[in-house]
Amino acid sequence: MSPLKLIDGKVAAAEVLQQVREDVRTLKADGIEPALAVILVGDDPASHVYVRNKILRAEEAGIRSLEYRLPATTRETELLALIGTLNDDPHVHGLLLQLPLPPHIEETRALQAIAPSKDVDGFHSENVGGLSQGRDVLTPCTPSGCLYLLEQTLGDLSGKHAVVIGRSNIVGKPMAALLLKAHCSVTVVHSRSADAKALCQLADIVIAAVGRPRLIDGSWLKEGAVVIDVGINRIDDNGRSRLVGDVDFDSALPKVAAITPVPGGVGPMTIAFLMKNTVAAARQQALSSQSEAVCLSTY
Ligand code: GUN
């Protein structure tokens, strides 16, 4: 295997986190201690692992973390009340509600309750709309991480044809918006696409985010394409459990110019960008409260 073809998400995430640590030091020197609150409702085992990792990374970066683990029986009104309290707390800069939520809580209502300025996941409609308008807003972490890896690999993305496979709110749709903002031509392929494979074969850049193990094999790819594999699928491989992506890595490798492995590709980037968003939110809130103070003093 050519190591030159491998896009190493662990190295890239370490670079981003190094910058975050420096930004945290600067903020602290200005008297601002960035803080991230994470809310987890219910017992989803994967979510518990994700949240633990987010809290650990925050602490390593010097970001104060607040963790709220609520039982699966929590009423929607109780959750909304907690979100309201954290929205109003000037010492909390980022607020993340881990998904999925128990079925009796309406996801959209809960996400819309988070103050857009603290929405470090970038899921509030104000941030979603801002991104689609090309404004500088808090942006979903996984797509931001993918864009970083692409720009590190290819430099300027202008004019490239990117095919995004999958249209989820968390990855596919914001990914398409970010690629458009980076001046790519973007095609979004999904379960109802007439010929997903033929569209994918035209791509300079492929982002696979469908959650179907090894769906995209080498025959889907143009020679020299750059492939970002967002999928993390656990499969049984002759009695051994292992993680694979949405891309069939072995058949893709001879065709591509570069590809992310699973694990060790996109995964570490998501948390790194969550920390980056938390620092950006803290900085922005500090600037807003300063300008509010100036307005009041000149009133
Ligand atoms: N569940 C799976 N991915 C995510 C994510 O990026 N953010 C949140 N809040 N929940 C998730």
# chains A, B, ... in the order shown; residues from 1 in each chain; ligands from 1
$ closest_atom_pairs --of "chain A" --to "ligand 1" --cutoff "8 Å" --atoms "only C-alpha atoms and all ligand atoms" --output "JSON lines"
{"residue": "A:Ser47", "atom": "CA", "partner": "ligand 1", "partner_atom_place_in_ligand_line": "1 (N)", "distance": 6.9}
{"residue": "A:Leu96", "atom": "CA", "partner": "ligand 1", "partner_atom_place_in_ligand_line": "9 (N)", "distance": 5.5}
{"residue": "A:Leu97", "atom": "CA", "partner": "ligand 1", "partner_atom_place_in_ligand_line": "9 (N)", "distance": 4.8}
{"residue": "A:Gln98", "atom": "CA", "partner": "ligand 1", "partner_atom_place_in_ligand_line": "9 (N)", "distance": 3.7}
{"residue": "A:Leu99", "atom": "CA", "partner": "ligand 1", "partner_atom_place_in_ligand_line": "10 (N)", "distance": 3.8}
{"residue": "A:Pro100", "atom": "CA", "partner": "ligand 1", "partner_atom_place_in_ligand_line": "1 (N)", "distance": 6.0}
{"residue": "A:Asp121", "atom": "CA", "partner": "ligand 1", "partner_atom_place_in_ligand_line": "7 (N)", "distance": 5.8}
{"residue": "A:Pro140", "atom": "CA", "partner": "ligand 1", "partner_atom_place_in_ligand_line": "6 (O)", "distance": 6.9}
{"residue": "A:Cys141", "atom": "CA", "partner": "ligand 1", "partner_atom_place_in_ligand_line": "6 (O)", "distance": 6.3}
{"residue": "A:Thr142", "atom": "CA", "partner": "ligand 1", "partner_atom_place_in_ligand_line": "6 (O)", "distance": 6.5}
{"residue": "A:Ile170", "atom": "CA", "partner": "ligand 1", "partner_atom_place_in_ligand_line": "6 (O)", "distance": 6.4}
{"residue": "A:Thr270", "atom": "CA", "partner": "ligand 1", "partner_atom_place_in_ligand_line": "6 (O)", "distance": 7.1}
$ closest_atom_pairs --of "region 30-70 of chain A" --to "region 15-23 of chain A" --cutoff "9 Å" --atoms "only C-alpha atoms" --output "CSV"
residue,atom,partner,partner_atom,distance
A:Arg57,CA,A:Leu17,CA,8.8
A:Glu60,CA,A:Arg21,CA,8.4
A:Ala61,CA,A:Arg21,CA,5.1
A:Gly62,CA,A:Arg21,CA,6.6
A:Ile63,CA,A:Arg21,CA,8.6
$ select_by_dssp --residues "region 67-149 of chain A" --states "strand (DSSP E)" --output "list in words"
Glu67, Tyr68, Arg69, Leu70, Gly94, Leu95, Leu96 and Leu97 of chain A
$ residues_around --residues "region 209-221 of chain A" --least-positions-apart "2" --cutoff "8 Å" --atoms "only C-alpha atoms" --output "mmCIF file with all heavy atoms, in the first residue's frame"
data_model
loop_
_atom_site.group_PDB
_atom_site.id
_atom_site.type_symbol
_atom_site.label_atom_id
_atom_site.label_comp_id
_atom_site.auth_asym_id
_atom_site.auth_seq_id
_atom_site.Cartn_x
_atom_site.Cartn_y
_atom_site.Cartn_z
ATOM 1 N N VAL A 164 -21.231 14.011 -3.620
ATOM 2 C CA VAL A 164 -21.528 13.666 -2.226
ATOM 3 C C VAL A 164 -22.546 12.538 -2.260
ATOM 4 O O VAL A 164 -23.613 12.683 -2.866
ATOM 5 C CB VAL A 164 -22.113 14.886 -1.478
ATOM 6 C CG1 VAL A 164 -22.440 14.516 -0.027
ATOM 7 C CG2 VAL A 164 -21.153 16.064 -1.532
ATOM 8 N N ILE A 165 -22.208 11.421 -1.647
ATOM 9 C CA ILE A 165 -23.138 10.287 -1.636
ATOM 10 C C ILE A 165 -23.803 10.257 -0.261
ATOM 11 O O ILE A 165 -23.136 10.004 0.747
ATOM 12 C CB ILE A 165 -22.407 8.968 -1.939
ATOM 13 C CG1 ILE A 165 -21.525 9.124 -3.182
ATOM 14 C CG2 ILE A 165 -23.405 7.834 -2.128
ATOM 15 C CD1 ILE A 165 -20.647 7.932 -3.460
ATOM 16 N N GLY A 166 -25.105 10.564 -0.226
ATOM 17 C CA GLY A 166 -25.849 10.666 1.034
ATOM 18 C C GLY A 166 -26.352 12.089 1.215
ATOM 19 O O GLY A 166 -25.657 13.034 0.853
ATOM 20 N N ARG A 167 -27.552 12.220 1.780
ATOM 21 C CA ARG A 167 -28.167 13.558 1.909
ATOM 22 C C ARG A 167 -28.683 13.810 3.319
ATOM 23 O O ARG A 167 -29.740 14.416 3.511
ATOM 24 C CB ARG A 167 -29.297 13.721 0.887
ATOM 25 C CG ARG A 167 -30.323 12.614 0.950
ATOM 26 C CD ARG A 167 -31.500 12.856 0.045
ATOM 27 N NE ARG A 167 -32.217 11.621 -0.211
ATOM 28 C CZ ARG A 167 -33.378 11.545 -0.835
ATOM 29 N NH1 ARG A 167 -33.958 12.619 -1.288
ATOM 30 N NH2 ARG A 167 -33.951 10.377 -1.037
ATOM 31 N N VAL A 171 -24.409 15.294 7.633
ATOM 32 C CA VAL A 171 -23.217 15.246 6.774
ATOM 33 C C VAL A 171 -23.514 15.661 5.319
ATOM 34 O O VAL A 171 -22.947 16.642 4.827
ATOM 35 C CB VAL A 171 -22.540 13.846 6.779
ATOM 36 C CG1 VAL A 171 -21.250 13.885 5.949
ATOM 37 C CG2 VAL A 171 -22.225 13.375 8.189
ATOM 38 N N GLY A 172 -24.373 14.929 4.623
ATOM 39 C CA GLY A 172 -24.506 15.121 3.170
ATOM 40 C C GLY A 172 -24.859 16.544 2.774
ATOM 41 O O GLY A 172 -24.168 17.167 1.953
ATOM 42 N N LYS A 197 -23.911 5.186 -9.526
ATOM 43 C CA LYS A 197 -22.545 4.783 -9.892
ATOM 44 C C LYS A 197 -22.025 5.621 -11.075
ATOM 45 O O LYS A 197 -20.892 6.109 -11.052
ATOM 46 C CB LYS A 197 -22.559 3.298 -10.240
ATOM 47 C CG LYS A 197 -21.220 2.716 -10.605
ATOM 48 C CD LYS A 197 -21.350 1.213 -10.678
ATOM 49 C CE LYS A 197 -20.126 0.568 -11.256
ATOM 50 N NZ LYS A 197 -20.181 -0.891 -11.180
ATOM 51 N N ALA A 198 -22.886 5.815 -12.084
ATOM 52 C CA ALA A 198 -22.451 6.585 -13.267
ATOM 53 C C ALA A 198 -22.111 8.023 -12.860
ATOM 54 O O ALA A 198 -21.144 8.605 -13.373
ATOM 55 C CB ALA A 198 -23.547 6.570 -14.328
ATOM 56 N N CYS A 200 -21.081 8.996 -9.909
ATOM 57 C CA CYS A 200 -19.865 8.949 -9.096
ATOM 58 C C CYS A 200 -18.610 8.815 -9.973
ATOM 59 O O CYS A 200 -17.560 9.375 -9.657
ATOM 60 C CB CYS A 200 -19.994 7.776 -8.121
ATOM 61 S SG CYS A 200 -18.791 7.816 -6.827
ATOM 62 N N GLN A 201 -18.759 8.106 -11.095
ATOM 63 C CA GLN A 201 -17.611 7.898 -11.985
ATOM 64 C C GLN A 201 -17.121 9.203 -12.610
ATOM 65 O O GLN A 201 -16.025 9.247 -13.172
ATOM 66 C CB GLN A 201 -17.989 6.898 -13.093
ATOM 67 C CG GLN A 201 -18.038 5.458 -12.603
ATOM 68 C CD GLN A 201 -18.735 4.515 -13.572
ATOM 69 O OE1 GLN A 201 -19.515 4.948 -14.423
ATOM 70 N NE2 GLN A 201 -18.459 3.223 -13.443
ATOM 71 N N LEU A 202 -17.924 10.276 -12.517
ATOM 72 C CA LEU A 202 -17.532 11.572 -13.093
ATOM 73 C C LEU A 202 -16.777 12.440 -12.084
ATOM 74 O O LEU A 202 -16.314 13.526 -12.415
ATOM 75 C CB LEU A 202 -18.788 12.341 -13.543
ATOM 76 C CG LEU A 202 -19.682 11.652 -14.572
ATOM 77 C CD1 LEU A 202 -20.968 12.453 -14.776
ATOM 78 C CD2 LEU A 202 -18.934 11.489 -15.894
ATOM 79 N N ALA A 203 -16.660 11.960 -10.836
ATOM 80 C CA ALA A 203 -16.203 12.837 -9.743
ATOM 81 C C ALA A 203 -14.682 12.940 -9.632
ATOM 82 O O ALA A 203 -13.975 11.933 -9.694
ATOM 83 C CB ALA A 203 -16.762 12.320 -8.420
ATOM 84 N N ILE A 207 -17.286 12.082 -1.678
ATOM 85 C CA ILE A 207 -17.522 12.046 -0.228
ATOM 86 C C ILE A 207 -18.587 10.975 -0.005
ATOM 87 O O ILE A 207 -19.724 11.127 -0.458
ATOM 88 C CB ILE A 207 -18.091 13.379 0.307
ATOM 89 C CG1 ILE A 207 -17.327 14.585 -0.219
ATOM 90 C CG2 ILE A 207 -18.184 13.357 1.825
ATOM 91 C CD1 ILE A 207 -16.058 14.891 0.455
ATOM 92 N N GLU A 223 -10.287 7.278 -12.329
ATOM 93 C CA GLU A 223 -8.843 7.200 -12.053
ATOM 94 C C GLU A 223 -8.365 8.550 -11.486
ATOM 95 O O GLU A 223 -8.671 9.601 -12.061
ATOM 96 C CB GLU A 223 -8.133 6.909 -13.385
ATOM 97 C CG GLU A 223 -6.735 6.408 -13.297
ATOM 98 C CD GLU A 223 -6.651 4.932 -12.886
ATOM 99 O OE1 GLU A 223 -7.417 4.087 -13.405
ATOM 100 O OE2 GLU A 223 -5.800 4.662 -12.024
ATOM 101 N N ALA A 225 -9.276 9.986 -8.600
ATOM 102 C CA ALA A 225 -10.217 10.694 -7.704
ATOM 103 C C ALA A 225 -9.643 10.754 -6.287
ATOM 104 O O ALA A 225 -8.797 9.940 -5.908
ATOM 105 C CB ALA A 225 -11.566 9.977 -7.684
ATOM 106 N N ASP A 229 -14.039 9.048 3.056
ATOM 107 C CA ASP A 229 -15.002 8.022 3.492
ATOM 108 C C ASP A 229 -15.493 8.357 4.900
ATOM 109 O O ASP A 229 -14.748 8.227 5.880
ATOM 110 C CB ASP A 229 -14.298 6.660 3.473
ATOM 111 C CG ASP A 229 -15.255 5.505 3.694
ATOM 112 O OD1 ASP A 229 -16.436 5.756 4.000
ATOM 113 O OD2 ASP A 229 -14.807 4.344 3.552
ATOM 114 N N VAL A 230 -16.747 8.795 4.988
ATOM 115 C CA VAL A 230 -17.306 9.207 6.283
ATOM 116 C C VAL A 230 -17.911 8.015 7.038
ATOM 117 O O VAL A 230 -18.146 8.075 8.234
ATOM 118 C CB VAL A 230 -18.365 10.322 6.076
ATOM 119 C CG1 VAL A 230 -18.944 10.802 7.396
ATOM 120 C CG2 VAL A 230 -17.765 11.513 5.324
ATOM 121 N N GLY A 231 -18.147 6.922 6.330
ATOM 122 C CA GLY A 231 -18.835 5.776 6.937
ATOM 123 C C GLY A 231 -18.028 5.118 8.051
ATOM 124 O O GLY A 231 -16.808 4.998 7.963
ATOM 125 N N ILE A 232 -18.736 4.743 9.110
ATOM 126 C CA ILE A 232 -18.129 3.918 10.168
ATOM 127 C C ILE A 232 -19.126 2.795 10.418
ATOM 128 O O ILE A 232 -20.134 2.991 11.099
ATOM 129 C CB ILE A 232 -17.874 4.707 11.478
ATOM 130 C CG1 ILE A 232 -16.986 5.915 11.208
ATOM 131 C CG2 ILE A 232 -17.236 3.805 12.535
ATOM 132 C CD1 ILE A 232 -16.716 6.781 12.438
ATOM 133 N N ASN A 233 -18.890 1.631 9.830
ATOM 134 C CA ASN A 233 -19.837 0.517 9.914
ATOM 135 C C ASN A 233 -19.153 -0.669 10.580
ATOM 136 O O ASN A 233 -18.042 -1.045 10.196
ATOM 137 C CB ASN A 233 -20.268 0.087 8.501
ATOM 138 C CG ASN A 233 -20.735 1.273 7.656
ATOM 139 O OD1 ASN A 233 -21.782 1.833 7.911
ATOM 140 N ND2 ASN A 233 -19.935 1.664 6.670
ATOM 141 N N ILE A 235 -18.900 -4.507 11.053
ATOM 142 C CA ILE A 235 -19.333 -5.720 10.341
ATOM 143 C C ILE A 235 -18.733 -6.953 11.007
ATOM 144 O O ILE A 235 -17.733 -6.868 11.732
ATOM 145 C CB ILE A 235 -18.914 -5.709 8.849
ATOM 146 C CG1 ILE A 235 -17.384 -5.603 8.703
ATOM 147 C CG2 ILE A 235 -19.608 -4.595 8.088
ATOM 148 C CD1 ILE A 235 -16.872 -6.196 7.424
ATOM 149 N N VAL A 244 -15.557 -0.920 9.060
ATOM 150 C CA VAL A 244 -15.247 -0.605 7.658
ATOM 151 C C VAL A 244 -16.003 0.664 7.271
ATOM 152 O O VAL A 244 -16.986 1.032 7.919
ATOM 153 C CB VAL A 244 -15.629 -1.754 6.689
ATOM 154 C CG1 VAL A 244 -14.812 -3.000 6.960
ATOM 155 C CG2 VAL A 244 -17.120 -2.055 6.734
ATOM 156 N N GLY A 245 -15.573 1.285 6.186
ATOM 157 C CA GLY A 245 -16.231 2.497 5.710
ATOM 158 C C GLY A 245 -17.336 2.181 4.710
ATOM 159 O O GLY A 245 -17.730 1.026 4.524
ATOM 160 N N ASP A 246 -17.818 3.244 4.061
ATOM 161 C CA ASP A 246 -18.795 3.078 2.984
ATOM 162 C C ASP A 246 -18.085 2.735 1.675
ATOM 163 O O ASP A 246 -18.729 2.399 0.681
ATOM 164 C CB ASP A 246 -19.580 4.383 2.783
ATOM 165 C CG ASP A 246 -20.470 4.717 3.966
ATOM 166 O OD1 ASP A 246 -20.698 3.821 4.815
ATOM 167 O OD2 ASP A 246 -20.939 5.870 4.046
ATOM 168 N N VAL A 247 -16.759 2.854 1.667
ATOM 169 C CA VAL A 247 -15.959 2.586 0.471
ATOM 170 C C VAL A 247 -15.220 1.257 0.672
ATOM 171 O O VAL A 247 -14.715 0.982 1.767
ATOM 172 C CB VAL A 247 -14.946 3.730 0.238
ATOM 173 C CG1 VAL A 247 -14.058 3.448 -0.968
ATOM 174 C CG2 VAL A 247 -15.669 5.059 0.072
ATOM 175 N N ASP A 248 -15.192 0.460 -0.377
ATOM 176 C CA ASP A 248 -14.423 -0.785 -0.336
ATOM 177 C C ASP A 248 -12.952 -0.415 -0.565
ATOM 178 O O ASP A 248 -12.505 -0.227 -1.702
ATOM 179 C CB ASP A 248 -14.931 -1.742 -1.418
ATOM 180 C CG ASP A 248 -14.134 -3.027 -1.410
ATOM 181 O OD1 ASP A 248 -13.796 -3.529 -0.329
ATOM 182 O OD2 ASP A 248 -13.801 -3.507 -2.521
ATOM 183 N N PHE A 249 -12.234 -0.254 0.539
ATOM 184 C CA PHE A 249 -10.900 0.345 0.525
ATOM 185 C C PHE A 249 -9.960 -0.393 -0.437
ATOM 186 O O PHE A 249 -9.246 0.231 -1.231
ATOM 187 C CB PHE A 249 -10.341 0.328 1.955
ATOM 188 C CG PHE A 249 -9.040 1.047 2.108
ATOM 189 C CD1 PHE A 249 -9.014 2.409 2.311
ATOM 190 C CD2 PHE A 249 -7.826 0.367 2.039
ATOM 191 C CE1 PHE A 249 -7.815 3.095 2.439
ATOM 192 C CE2 PHE A 249 -6.622 1.035 2.168
ATOM 193 C CZ PHE A 249 -6.619 2.401 2.371
ATOM 194 N N SER A 251 -10.377 -2.292 -3.146
ATOM 195 C CA SER A 251 -10.558 -2.127 -4.598
ATOM 196 C C SER A 251 -10.464 -0.648 -5.001
ATOM 197 O O SER A 251 -10.160 -0.337 -6.156
ATOM 198 C CB SER A 251 -11.882 -2.745 -5.067
ATOM 199 O OG SER A 251 -12.970 -2.031 -4.544
ATOM 200 N N ALA A 252 -10.700 0.262 -4.066
ATOM 201 C CA ALA A 252 -10.612 1.697 -4.383
ATOM 202 C C ALA A 252 -9.151 2.147 -4.492
ATOM 203 O O ALA A 252 -8.798 2.968 -5.345
ATOM 204 C CB ALA A 252 -11.329 2.520 -3.316
ATOM 205 N N LEU A 253 -8.301 1.599 -3.641
ATOM 206 C CA LEU A 253 -6.928 2.113 -3.502
ATOM 207 C C LEU A 253 -6.149 2.212 -4.828
ATOM 208 O O LEU A 253 -5.525 3.249 -5.091
ATOM 209 C CB LEU A 253 -6.166 1.265 -2.472
ATOM 210 C CG LEU A 253 -4.836 1.855 -2.006
ATOM 211 C CD1 LEU A 253 -5.037 3.172 -1.275
ATOM 212 C CD2 LEU A 253 -4.108 0.850 -1.102
ATOM 213 N N PRO A 254 -6.182 1.185 -5.686
ATOM 214 C CA PRO A 254 -5.405 1.318 -6.934
ATOM 215 C C PRO A 254 -5.912 2.423 -7.861
ATOM 216 O O PRO A 254 -5.159 2.916 -8.703
ATOM 217 C CB PRO A 254 -5.583 -0.053 -7.618
ATOM 218 C CG PRO A 254 -6.211 -0.953 -6.608
ATOM 219 C CD PRO A 254 -6.843 -0.108 -5.560
ATOM 220 N N LYS A 255 -7.194 2.836 -7.714
ATOM 221 C CA LYS A 255 -7.772 3.835 -8.615
ATOM 222 C C LYS A 255 -7.535 5.273 -8.160
ATOM 223 O O LYS A 255 -7.478 6.179 -8.991
ATOM 224 C CB LYS A 255 -9.309 3.636 -8.699
ATOM 225 C CG LYS A 255 -9.795 2.367 -9.330
ATOM 226 C CD LYS A 255 -9.677 2.341 -10.835
ATOM 227 C CE LYS A 255 -10.739 3.044 -11.654
ATOM 228 N NZ LYS A 255 -12.062 2.415 -11.573
ATOM 229 N N VAL A 256 -7.434 5.481 -6.846
ATOM 230 C CA VAL A 256 -7.523 6.843 -6.314
ATOM 231 C C VAL A 256 -6.165 7.554 -6.278
ATOM 232 O O VAL A 256 -5.104 6.912 -6.272
ATOM 233 C CB VAL A 256 -8.100 6.832 -4.875
ATOM 234 C CG1 VAL A 256 -9.492 6.229 -4.867
ATOM 235 C CG2 VAL A 256 -7.190 6.107 -3.895
#
$ select_by_dssp --residues "region 31-79 of chain A" --states "alpha helix (DSSP H)" --output "list in words"
Pro45, Ala46, Ser47, His48, Val49, Tyr50, Val51, Arg52, Asn53, Lys54, Ile55, Leu56, Arg57, Ala58, Glu59, Glu60, Ala61, Glu76, Thr77, Glu78 and Leu79 of chain A
$ residues_around --residues "Ala37 (chain A)" --least-positions-apart "3" --cutoff "7 Å" --atoms "only C-alpha atoms" --output "PyMOL selection string"
chain A and resi 65-67+92+94-96
$ write_last_selection --atoms "all heavy atoms" --output "mmCIF file, in the first residue's frame"
data_model
loop_
_atom_site.group_PDB
_atom_site.id
_atom_site.type_symbol
_atom_site.label_atom_id
_atom_site.label_comp_id
_atom_site.auth_asym_id
_atom_site.auth_seq_id
_atom_site.Cartn_x
_atom_site.Cartn_y
_atom_site.Cartn_z
ATOM 1 N N SER A 65 -15.540 21.643 30.489
ATOM 2 C CA SER A 65 -16.683 20.888 29.966
ATOM 3 C C SER A 65 -17.715 20.656 31.062
ATOM 4 O O SER A 65 -17.364 20.478 32.232
ATOM 5 C CB SER A 65 -16.216 19.561 29.379
ATOM 6 O OG SER A 65 -15.633 18.786 30.379
ATOM 7 N N LEU A 66 -18.968 20.690 30.670
ATOM 8 C CA LEU A 66 -20.080 20.400 31.584
ATOM 9 C C LEU A 66 -20.856 19.267 30.936
ATOM 10 O O LEU A 66 -21.193 19.344 29.742
ATOM 11 C CB LEU A 66 -20.998 21.604 31.736
ATOM 12 C CG LEU A 66 -20.419 22.878 32.322
ATOM 13 C CD1 LEU A 66 -19.834 23.763 31.238
ATOM 14 C CD2 LEU A 66 -21.516 23.645 33.027
ATOM 15 N N GLU A 67 -21.128 18.235 31.711
ATOM 16 C CA GLU A 67 -21.740 17.047 31.141
ATOM 17 C C GLU A 67 -23.095 16.830 31.801
ATOM 18 O O GLU A 67 -23.192 16.809 33.029
ATOM 19 C CB GLU A 67 -20.807 15.875 31.466
ATOM 20 C CG GLU A 67 -20.992 14.688 30.619
ATOM 21 C CD GLU A 67 -19.959 13.633 30.987
ATOM 22 O OE1 GLU A 67 -18.919 13.959 31.590
ATOM 23 O OE2 GLU A 67 -20.214 12.468 30.661
ATOM 24 N N VAL A 92 -21.149 29.593 29.626
ATOM 25 C CA VAL A 92 -21.213 28.443 28.700
ATOM 26 C C VAL A 92 -21.227 29.005 27.281
ATOM 27 O O VAL A 92 -22.085 29.815 26.939
ATOM 28 C CB VAL A 92 -22.496 27.609 28.949
ATOM 29 C CG1 VAL A 92 -22.676 26.553 27.864
ATOM 30 C CG2 VAL A 92 -22.435 26.951 30.330
ATOM 31 N N GLY A 94 -20.521 26.875 24.267
ATOM 32 C CA GLY A 94 -20.959 25.886 23.283
ATOM 33 C C GLY A 94 -21.940 24.933 23.925
ATOM 34 O O GLY A 94 -21.787 24.564 25.099
ATOM 35 N N LEU A 95 -22.964 24.525 23.158
ATOM 36 C CA LEU A 95 -23.997 23.627 23.702
ATOM 37 C C LEU A 95 -24.286 22.559 22.655
ATOM 38 O O LEU A 95 -24.663 22.879 21.518
ATOM 39 C CB LEU A 95 -25.234 24.478 24.026
ATOM 40 C CG LEU A 95 -26.502 23.806 24.502
ATOM 41 C CD1 LEU A 95 -26.221 22.749 25.544
ATOM 42 C CD2 LEU A 95 -27.419 24.870 25.083
ATOM 43 N N LEU A 96 -24.048 21.314 23.060
ATOM 44 C CA LEU A 96 -24.228 20.200 22.113
ATOM 45 C C LEU A 96 -25.226 19.210 22.690
ATOM 46 O O LEU A 96 -25.100 18.794 23.840
ATOM 47 C CB LEU A 96 -22.874 19.515 21.901
ATOM 48 C CG LEU A 96 -22.862 18.322 20.950
ATOM 49 C CD1 LEU A 96 -21.566 18.297 20.165
ATOM 50 C CD2 LEU A 96 -23.042 17.001 21.681
#
$ residues_around --residues "region 127-135 of chain A" --least-positions-apart "2" --cutoff "8 Å" --atoms "only C-alpha atoms" --output "PyMOL selection string"
chain A and resi 116+122-125+137-139+174+177-178+181
$ atom_distance --atom1 "CA of Thr187 (chain A)" --atom2 "CA of His161 (chain A)"
7.7 Å
$ closest_residue --among "A:Leu27, A:Val41, A:Ala58, A:Leu199" --to "Pro103 (chain A)" --atoms "only C-alpha atoms"
A:Val41
$ closest_residue --among "A:Ala282, A:Ile105, A:Ala110, A:Ile259" --to "Thr26 (chain A)" --atoms "only C-alpha atoms"
A:Ala282
$ closest_residue --among "A:Ser241, A:Ser158, A:Ser193, A:Thr108" --to "Ile205 (chain A)" --atoms "only C-alpha atoms"
A:Ser158
$ atom_distance --atom1 "CA of His48 (chain A)" --atom2 "CA of His91 (chain A)"
24.5 Å
$ closest_residue --among "A:Asp119, A:Glu78, A:Glu33, A:Asp236" --to "Pro90 (chain A)" --atoms "only C-alpha atoms"
A:Glu33
$ atom_distance --atom1 "CA of Gln285 (chain A)" --atom2 "CA of Asn53 (chain A)"
25.2 Å
$ closest_residue --among "A:Lys10, A:Arg25, A:His183, A:Lys160" --to "Gly264 (chain A)" --atoms "only C-alpha atoms"
A:Lys10
